[in-house]
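Input: a single structure, listed below in structure tokens.
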Amino acid sequence: MAASTPTIGLGGWLRLALLGLHLAQGTATVALVYPWLPLAWRLALKKRWSRRLLAILGIRLETPQAPLPAASLIVANHVSWLDIYLINAVQPSAFIAKAEVRQWPLIGWLCAHTDTVFLERGSRSHAKVVNGQIAALFQAGQRVALFPEGTTTDGRQLLPFHAALLQPAIDAGRPITPLALTYRTAAGLPQTAPAYAGDTTMWQSLLAILAARGDIRVSLHPAPALATDQGHHRRELAAAARAAIAAGLDLPGERAANDPGQETGLPARPALA
């Protein structure tokens with residue numbers, strides 16, 4: 001069944017106009033300035049632009065208490081196209097995304113020109129190319145983020161993790177930082193308006209966010225980083241990361257779904273600035 005299209009009032013249309021101007025400004029910056037700036041400036045631009053995007057949409061962000069580890073692989077649950085900008089608003093990162101994202105209207109173009117690595121799933125030869133790109137990002141000191149579920153949910157469940165996506169961090173000896181993204185209303189109830197799942201279109205998702213009238217609160221819960229230099233298999237690391245995110249989402253029944261009936265017990269790596 002197709003999702004219904006939400007309706008918005010005058011305030012929503014005004015915010016939509018502001019969003020259009022913000023996207024135009026971002027497109028111009030990426031096309032004319034971004035590629036020639038030093039890395040620190042590019043990251044600062046990402047952070048500022050993403051925070052402005054969230055403000056226009058009326059989304060209140062609760063940031064982590066400490067910075068995420070440098071040059072680490074951030075793995076997070078996936079609810080919305082907003083997830084990318086939530087992470088960038090806190091800790092600007094390069095992203096690993098499925099190739100289909102490149103086809104998203106405008107956002108796909110922005111992602112393609114701001115250090116996003118697109119993965120063609122099922123292609124081993126392309127996976128080698130992607131791994132080389134990710135290794136180069138780590139070498140340059142960048143954080144890299146991905147959504148190991150491989151698709152979105154409504155935020156009230158956690159799908160199995162694709163362990164193969166963690167291999168580049170293992171090969172590079174970089175820590176893996178689990179990050180739980182939680183969408184709530186001001187009253188603390190689950191907020192599904194931002195969900196970009198099922199048959200929901202980008203337009204319907206955007207209108208649902210605007211129709212929420214600013215009643216969207218997002219919490220980011222980073223868990224201690226997992227060391228990748230202790231000889232653990234990527235399936236063990238995927239299970240440990242999933243359990244940590246499930247705990248951050250308060251989904252205790254889901255914590256060991258990658259490895260039913262077993263606790264991971266992997267050592268954590270101390271967080272580094």
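If you're wondering about the labels, chains in the structure tokens are A, B, ... by order shown, residues count from 1 in each chain, ligands from 1 in order shown.
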
- DSSP-assigned strand (DSSP E or B) among range 34-269 of chain A, expressed as JSON, numbers by chain: {"A": [59, 60, 61, 62, 73, 74, 75, 76, 94, 95, 96, 97, 98, 116, 117, 118, 119, 144, 145, 146, 176, 177, 178, 179, 180, 181, 182, 183, 184, 190, 216, 217, 218, 219, 220, 221, 222, 225, 226, 268, 269]}

Would you mind exporting N, CA and C atoms of the selected residues as a short mmCIF file (atom, residue, chain, number, x, y, z; two decimals), in the first residue's frame?
```
data_model
loop_
_atom_site.label_atom_id
_atom_site.label_comp_id
_atom_site.auth_asym_id
_atom_site.auth_seq_id
_atom_site.Cartn_x
_atom_site.Cartn_y
_atom_site.Cartn_z
N ILE A 59 14.26 20.47 13.41
CA ILE A 59 14.72 19.26 14.10
C ILE A 59 15.72 19.65 15.19
N ARG A 60 15.46 19.21 16.40
CA ARG A 60 16.34 19.50 17.52
C ARG A 60 17.30 18.33 17.73
N LEU A 61 18.58 18.63 17.74
CA LEU A 61 19.60 17.60 17.81
C LEU A 61 20.29 17.61 19.16
N GLU A 62 20.37 16.42 19.78
CA GLU A 62 21.11 16.25 21.02
C GLU A 62 22.44 15.59 20.66
N LEU A 73 35.62 4.12 11.77
CA LEU A 73 34.45 3.75 10.99
C LEU A 73 33.23 3.88 11.91
N ILE A 74 32.34 4.80 11.60
CA ILE A 74 31.11 4.98 12.35
C ILE A 74 30.04 4.11 11.73
N VAL A 75 29.41 3.25 12.53
CA VAL A 75 28.30 2.43 12.04
C VAL A 75 27.05 2.81 12.80
N ALA A 76 25.96 3.05 12.10
CA ALA A 76 24.74 3.55 12.72
C ALA A 76 23.52 2.84 12.15
N ALA A 94 32.97 11.18 5.82
CA ALA A 94 32.70 10.63 4.50
C ALA A 94 31.75 9.46 4.70
N PHE A 95 30.95 9.15 3.69
CA PHE A 95 29.94 8.10 3.84
C PHE A 95 30.10 7.01 2.80
N ILE A 96 29.74 5.80 3.22
CA ILE A 96 29.61 4.68 2.30
C ILE A 96 28.11 4.50 2.08
N ALA A 97 27.67 4.58 0.83
CA ALA A 97 26.24 4.51 0.54
C ALA A 97 26.01 3.55 -0.62
N LYS A 98 24.81 2.98 -0.66
CA LYS A 98 24.46 2.12 -1.78
C LYS A 98 24.38 2.96 -3.05
N THR A 116 31.40 11.00 -0.68
CA THR A 116 30.63 9.77 -0.51
C THR A 116 31.18 8.69 -1.42
N VAL A 117 31.33 7.48 -0.88
CA VAL A 117 31.77 6.32 -1.64
C VAL A 117 30.54 5.47 -1.93
N PHE A 118 30.25 5.23 -3.19
CA PHE A 118 29.05 4.47 -3.57
C PHE A 118 29.42 3.01 -3.81
N LEU A 119 28.65 2.13 -3.19
CA LEU A 119 28.93 0.70 -3.24
C LEU A 119 27.90 -0.01 -4.10
N VAL A 144 34.82 7.78 8.51
CA VAL A 144 33.96 7.22 7.47
C VAL A 144 32.75 6.62 8.17
N ALA A 145 31.56 6.85 7.63
CA ALA A 145 30.33 6.36 8.24
C ALA A 145 29.55 5.49 7.28
N LEU A 146 28.85 4.51 7.82
CA LEU A 146 27.99 3.66 6.99
C LEU A 146 26.81 3.16 7.81
N ILE A 176 35.99 0.82 15.21
CA ILE A 176 34.61 0.88 14.76
C ILE A 176 33.78 1.49 15.88
N THR A 177 33.07 2.57 15.58
CA THR A 177 32.28 3.27 16.59
C THR A 177 30.79 3.06 16.32
N PRO A 178 30.09 2.27 17.16
CA PRO A 178 28.63 2.12 17.00
C PRO A 178 27.92 3.40 17.43
N LEU A 179 26.92 3.81 16.65
CA LEU A 179 26.19 5.05 16.93
C LEU A 179 24.70 4.80 16.75
N ALA A 180 23.92 4.98 17.82
CA ALA A 180 22.47 4.78 17.78
C ALA A 180 21.78 6.11 17.54
N LEU A 181 20.93 6.17 16.51
CA LEU A 181 20.15 7.36 16.18
C LEU A 181 18.71 7.12 16.60
N THR A 182 18.21 7.97 17.50
CA THR A 182 16.85 7.81 18.03
C THR A 182 16.03 9.05 17.73
N TYR A 183 14.90 8.85 17.07
CA TYR A 183 13.97 9.95 16.76
C TYR A 183 12.81 9.89 17.76
N ARG A 184 12.55 11.03 18.45
CA ARG A 184 11.48 11.11 19.44
C ARG A 184 10.68 12.40 19.26
N PRO A 190 8.20 7.60 20.38
CA PRO A 190 8.85 7.35 19.08
C PRO A 190 8.27 8.25 18.00
N ILE A 216 10.28 17.08 16.42
CA ILE A 216 11.22 15.99 16.15
C ILE A 216 12.49 16.25 16.97
N ARG A 217 12.81 15.32 17.85
CA ARG A 217 14.02 15.38 18.65
C ARG A 217 14.87 14.18 18.28
N VAL A 218 16.15 14.40 18.05
CA VAL A 218 17.04 13.30 17.66
C VAL A 218 18.18 13.20 18.66
N SER A 219 18.37 12.00 19.18
CA SER A 219 19.48 11.74 20.09
C SER A 219 20.50 10.85 19.40
N LEU A 220 21.76 11.17 19.56
CA LEU A 220 22.84 10.35 19.05
C LEU A 220 23.58 9.73 20.24
N HIS A 221 23.60 8.40 20.28
CA HIS A 221 24.21 7.69 21.41
C HIS A 221 25.43 6.90 20.91
N PRO A 222 26.63 7.44 21.01
CA PRO A 222 27.81 6.66 20.61
C PRO A 222 28.21 5.68 21.71
N ALA A 225 34.25 2.73 21.20
CA ALA A 225 34.73 2.19 19.93
C ALA A 225 35.26 0.77 20.12
N LEU A 226 35.08 -0.05 19.08
CA LEU A 226 35.55 -1.44 19.08
C LEU A 226 36.90 -1.53 18.37
N ALA A 268 36.48 -2.97 24.08
CA ALA A 268 36.27 -1.66 23.47
C ALA A 268 37.58 -0.92 23.42
N ARG A 269 37.69 -0.05 22.44
CA ARG A 269 38.86 0.81 22.31
C ARG A 269 38.51 2.15 22.94
#
```

- With a distance cut-off of 6 Å and only C-alpha atoms, select the neighbouring residues of range 42-54 of chain A, excluding the residue or stretch itself and same-chain residues fewer than 4 positions from it, and output the selection as a PyMOL selection string. chain A and resi 59+85+88-89+92

- Task: Could you tell me which of A:Leu16, A:Ala193, A:Ile245, A:Val130 comes closest to Leu165 in chain A if we count only C-alpha atoms?
- Result: A:Val130

- Query: Could you work out how far CA of Asn77 in chain A lies from CA of Ala244 in chain A, giving the answer in Å with one decimal?
  - Reply: 10.7 Å

- Message: Can you tell me which residues surround Phe138 in chain A at a distance of at most 10 Å, considering only C-alpha atoms, apart from same-chain residues fewer than 5 positions away, and format the answer as a PyMOL selection string?
- Response: chain A and resi 70-73+94+132-133+143-144+168-169+172-174

Could you write out the selected residues, including C-alpha atoms, as a PDB file, in the first residue's frame?
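Written file, again-v2.pdb:
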```pdb
ATOM      1  CA  ALA A  70      39.361  10.243  14.619  1.00  0.00           C
ATOM      2  CA  ALA A  71      39.804   8.207  11.415  1.00  0.00           C
ATOM      3  CA  SER A  72      37.318   5.607  12.643  1.00  0.00           C
ATOM      4  CA  LEU A  73      34.447   3.755  10.994  1.00  0.00           C
ATOM      5  CA  ALA A  94      32.703  10.629   4.503  1.00  0.00           C
ATOM      6  CA  GLY A 132      40.830   1.281  -1.763  1.00  0.00           C
ATOM      7  CA  GLN A 133      38.812   4.506  -1.673  1.00  0.00           C
ATOM      8  CA  ARG A 143      36.016   9.520   9.671  1.00  0.00           C
ATOM      9  CA  VAL A 144      33.964   7.219   7.473  1.00  0.00           C
ATOM     10  CA  PRO A 168      37.866  -1.926   5.229  1.00  0.00           C
ATOM     11  CA  ALA A 169      38.152  -0.782   8.859  1.00  0.00           C
ATOM     12  CA  ALA A 172      43.167  -0.518   7.955  1.00  0.00           C
ATOM     13  CA  GLY A 173      43.247  -1.290  11.683  1.00  0.00           C
ATOM     14  CA  ARG A 174      40.775   1.501  12.421  1.00  0.00           C
TER      15      ARG A 174
END
```

- Counting only C-alpha atoms, figure out which residue out of A:Ala17, A:Leu110, A:Ile170, A:Val101 gets nearest to Asn131 in chain A. A:Ile170

- Task: Taking the DSSP assignment computed from this structure's backbone, write out as a PyMOL selection string all residues of range 129-187 of chain A that belong to helix (DSSP H, G or I).
- Result: chain A and resi 129-139+163-172

Export N, CA, C and O atoms of the chosen residues as a PDB file, in the first residue's frame?
```
ATOM      1  N   VAL A 129      37.637  -1.846  -5.367  1.00  0.00           N
ATOM      2  CA  VAL A 129      37.832  -0.423  -5.657  1.00  0.00           C
ATOM      3  C   VAL A 129      37.356   0.418  -4.484  1.00  0.00           C
ATOM      4  O   VAL A 129      38.032   1.363  -4.044  1.00  0.00           O
ATOM      5  N   VAL A 130      36.191   0.074  -3.949  1.00  0.00           N
ATOM      6  CA  VAL A 130      35.624   0.804  -2.814  1.00  0.00           C
ATOM      7  C   VAL A 130      36.541   0.712  -1.603  1.00  0.00           C
ATOM      8  O   VAL A 130      36.772   1.708  -0.904  1.00  0.00           O
ATOM      9  N   ASN A 131      37.056  -0.485  -1.332  1.00  0.00           N
ATOM     10  CA  ASN A 131      37.960  -0.648  -0.189  1.00  0.00           C
ATOM     11  C   ASN A 131      39.186   0.244  -0.317  1.00  0.00           C
ATOM     12  O   ASN A 131      39.678   0.801   0.669  1.00  0.00           O
ATOM     13  N   GLY A 132      39.684   0.386  -1.544  1.00  0.00           N
ATOM     14  CA  GLY A 132      40.830   1.281  -1.763  1.00  0.00           C
ATOM     15  C   GLY A 132      40.470   2.734  -1.504  1.00  0.00           C
ATOM     16  O   GLY A 132      41.260   3.496  -0.933  1.00  0.00           O
ATOM     17  N   GLN A 133      39.263   3.132  -1.912  1.00  0.00           N
ATOM     18  CA  GLN A 133      38.812   4.506  -1.673  1.00  0.00           C
ATOM     19  C   GLN A 133      38.663   4.780  -0.175  1.00  0.00           C
ATOM     20  O   GLN A 133      39.028   5.856   0.318  1.00  0.00           O
ATOM     21  N   ILE A 134      38.108   3.811   0.546  1.00  0.00           N
ATOM     22  CA  ILE A 134      37.920   3.979   1.988  1.00  0.00           C
ATOM     23  C   ILE A 134      39.268   4.044   2.697  1.00  0.00           C
ATOM     24  O   ILE A 134      39.467   4.855   3.602  1.00  0.00           O
ATOM     25  N   ALA A 135      40.206   3.194   2.279  1.00  0.00           N
ATOM     26  CA  ALA A 135      41.540   3.223   2.877  1.00  0.00           C
ATOM     27  C   ALA A 135      42.193   4.584   2.687  1.00  0.00           C
ATOM     28  O   ALA A 135      42.864   5.106   3.592  1.00  0.00           O
ATOM     29  N   ALA A 136      41.990   5.187   1.512  1.00  0.00           N
ATOM     30  CA  ALA A 136      42.553   6.517   1.252  1.00  0.00           C
ATOM     31  C   ALA A 136      41.926   7.571   2.156  1.00  0.00           C
ATOM     32  O   ALA A 136      42.612   8.491   2.633  1.00  0.00           O
ATOM     33  N   LEU A 137      40.620   7.455   2.416  1.00  0.00           N
ATOM     34  CA  LEU A 137      39.952   8.394   3.322  1.00  0.00           C
ATOM     35  C   LEU A 137      40.494   8.271   4.741  1.00  0.00           C
ATOM     36  O   LEU A 137      40.751   9.265   5.419  1.00  0.00           O
ATOM     37  N   PHE A 138      40.680   7.018   5.200  1.00  0.00           N
ATOM     38  CA  PHE A 138      41.265   6.805   6.521  1.00  0.00           C
ATOM     39  C   PHE A 138      42.672   7.408   6.587  1.00  0.00           C
ATOM     40  O   PHE A 138      43.051   8.055   7.560  1.00  0.00           O
ATOM     41  N   GLN A 139      43.447   7.166   5.541  1.00  0.00           N
ATOM     42  CA  GLN A 139      44.818   7.654   5.501  1.00  0.00           C
ATOM     43  C   GLN A 139      44.865   9.173   5.571  1.00  0.00           C
ATOM     44  O   GLN A 139      45.796   9.756   6.145  1.00  0.00           O
ATOM     45  N   ALA A 163      28.105  -7.776   7.618  1.00  0.00           N
ATOM     46  CA  ALA A 163      29.431  -7.753   8.214  1.00  0.00           C
ATOM     47  C   ALA A 163      30.525  -7.386   7.215  1.00  0.00           C
ATOM     48  O   ALA A 163      31.544  -6.787   7.583  1.00  0.00           O
ATOM     49  N   ALA A 164      30.344  -7.712   5.933  1.00  0.00           N
ATOM     50  CA  ALA A 164      31.379  -7.443   4.932  1.00  0.00           C
ATOM     51  C   ALA A 164      31.695  -5.955   4.828  1.00  0.00           C
ATOM     52  O   ALA A 164      32.821  -5.577   4.450  1.00  0.00           O
ATOM     53  N   LEU A 165      30.735  -5.106   5.167  1.00  0.00           N
ATOM     54  CA  LEU A 165      30.965  -3.665   5.065  1.00  0.00           C
ATOM     55  C   LEU A 165      31.987  -3.167   6.075  1.00  0.00           C
ATOM     56  O   LEU A 165      32.521  -2.064   5.929  1.00  0.00           O
ATOM     57  N   LEU A 166      32.269  -3.976   7.103  1.00  0.00           N
ATOM     58  CA  LEU A 166      33.230  -3.570   8.134  1.00  0.00           C
ATOM     59  C   LEU A 166      34.674  -3.913   7.760  1.00  0.00           C
ATOM     60  O   LEU A 166      35.605  -3.472   8.428  1.00  0.00           O
ATOM     61  N   GLN A 167      34.856  -4.694   6.697  1.00  0.00           N
ATOM     62  CA  GLN A 167      36.190  -5.181   6.362  1.00  0.00           C
ATOM     63  C   GLN A 167      37.210  -4.076   6.116  1.00  0.00           C
ATOM     64  O   GLN A 167      38.369  -4.202   6.534  1.00  0.00           O
ATOM     65  N   PRO A 168      36.864  -2.974   5.439  1.00  0.00           N
ATOM     66  CA  PRO A 168      37.866  -1.926   5.229  1.00  0.00           C
ATOM     67  C   PRO A 168      38.455  -1.380   6.530  1.00  0.00           C
ATOM     68  O   PRO A 168      39.652  -1.080   6.597  1.00  0.00           O
ATOM     69  N   ALA A 169      37.637  -1.256   7.577  1.00  0.00           N
ATOM     70  CA  ALA A 169      38.152  -0.782   8.859  1.00  0.00           C
ATOM     71  C   ALA A 169      39.099  -1.811   9.468  1.00  0.00           C
ATOM     72  O   ALA A 169      40.126  -1.455  10.061  1.00  0.00           O
ATOM     73  N   ILE A 170      38.766  -3.090   9.310  1.00  0.00           N
ATOM     74  CA  ILE A 170      39.631  -4.154   9.828  1.00  0.00           C
ATOM     75  C   ILE A 170      40.963  -4.156   9.091  1.00  0.00           C
ATOM     76  O   ILE A 170      42.035  -4.236   9.705  1.00  0.00           O
ATOM     77  N   ASP A 171      40.902  -4.041   7.762  1.00  0.00           N
ATOM     78  CA  ASP A 171      42.132  -4.034   6.966  1.00  0.00           C
ATOM     79  C   ASP A 171      43.023  -2.857   7.317  1.00  0.00           C
ATOM     80  O   ASP A 171      44.257  -2.962   7.295  1.00  0.00           O
ATOM     81  N   ALA A 172      42.395  -1.724   7.635  1.00  0.00           N
ATOM     82  CA  ALA A 172      43.167  -0.518   7.955  1.00  0.00           C
ATOM     83  C   ALA A 172      43.499  -0.410   9.434  1.00  0.00           C
ATOM     84  O   ALA A 172      44.220   0.503   9.843  1.00  0.00           O
TER      85      ALA A 172
END
```

- Could you tell me how far CA of Gln103 in chain A lies from CA of Ala31 in chain A, in Å and to one decimal?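 Distance reported for this atom pair: 17.6 Å.
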
- One decimal, Å: what's the distance from CA of Ala211 in chain A over to CA of Gly11 in chain A, could you say? 9.3 Å

- Task: Would you kindly return, as a list in words, each protein, DNA or RNA residue with an atom no farther than 8 Å from any atom of Asp154 in chain A, considering only C-alpha atoms and excluding same-chain residues fewer than 6 positions away?
- Result: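 Once the nearby chain positions are removed, what remains is Val79, Thr192, Ala195, Tyr196 and Ala197 of chain A.
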
Resulting file, chosen residues, all heavy atoms, as an mmCIF file, in the first residue's frame:
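Result saved to result_39.cif:
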```cif
data_model
loop_
_atom_site.group_PDB
_atom_site.id
_atom_site.type_symbol
_atom_site.label_atom_id
_atom_site.label_comp_id
_atom_site.auth_asym_id
_atom_site.auth_seq_id
_atom_site.Cartn_x
_atom_site.Cartn_y
_atom_site.Cartn_z
ATOM 1 N N VAL A 79 17.389 5.183 9.470
ATOM 2 C CA VAL A 79 15.965 5.497 9.503
ATOM 3 C C VAL A 79 15.556 6.400 8.345
ATOM 4 O O VAL A 79 14.500 6.202 7.744
ATOM 5 C CB VAL A 79 15.585 6.176 10.844
ATOM 6 C CG1 VAL A 79 14.106 6.561 10.870
ATOM 7 C CG2 VAL A 79 15.923 5.270 12.017
ATOM 8 N N THR A 192 8.037 8.740 14.023
ATOM 9 C CA THR A 192 8.252 8.048 12.750
ATOM 10 C C THR A 192 8.155 8.973 11.546
ATOM 11 O O THR A 192 8.338 8.517 10.418
ATOM 12 C CB THR A 192 7.236 6.901 12.588
ATOM 13 O OG1 THR A 192 5.911 7.446 12.616
ATOM 14 C CG2 THR A 192 7.389 5.865 13.699
ATOM 15 N N ALA A 195 10.931 8.837 8.924
ATOM 16 C CA ALA A 195 11.260 7.533 8.331
ATOM 17 C C ALA A 195 11.133 7.565 6.817
ATOM 18 O O ALA A 195 10.144 8.042 6.269
ATOM 19 C CB ALA A 195 10.358 6.455 8.920
ATOM 20 N N TYR A 196 12.152 7.042 6.146
ATOM 21 C CA TYR A 196 12.165 6.982 4.685
ATOM 22 C C TYR A 196 12.273 5.510 4.311
ATOM 23 O O TYR A 196 13.316 5.027 3.894
ATOM 24 C CB TYR A 196 13.345 7.797 4.150
ATOM 25 C CG TYR A 196 13.411 7.905 2.642
ATOM 26 C CD1 TYR A 196 12.274 8.115 1.878
ATOM 27 C CD2 TYR A 196 14.632 7.814 1.984
ATOM 28 C CE1 TYR A 196 12.338 8.227 0.499
ATOM 29 C CE2 TYR A 196 14.724 7.931 0.603
ATOM 30 C CZ TYR A 196 13.569 8.126 -0.130
ATOM 31 O OH TYR A 196 13.640 8.238 -1.503
ATOM 32 N N ALA A 197 11.161 4.792 4.533
ATOM 33 C CA ALA A 197 11.174 3.344 4.365
ATOM 34 C C ALA A 197 9.940 2.900 3.597
ATOM 35 O O ALA A 197 8.969 3.648 3.446
ATOM 36 C CB ALA A 197 11.219 2.664 5.737
#
```

- Message: I'd like the neighbourhood of Gly150 in chain A as a PyMOL selection string, where a residue qualifies if any of its atoms comes within 9 Å (using only C-alpha atoms), though same-chain residues fewer than 5 positions away should be ignored.
- Response: chain A and resi 78+97-98+159-162

- Query: Near Met202 in chain A, counting only C-alpha atoms, which residues have an atom at most 10 Å away, once you skip same-chain residues fewer than 6 positions from it, shown as a list in words?
  - Reply: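 The filter keeps Ser80, Trp81, Trp104, Pro105, Ala195, Tyr196 and Ala208 of chain A.
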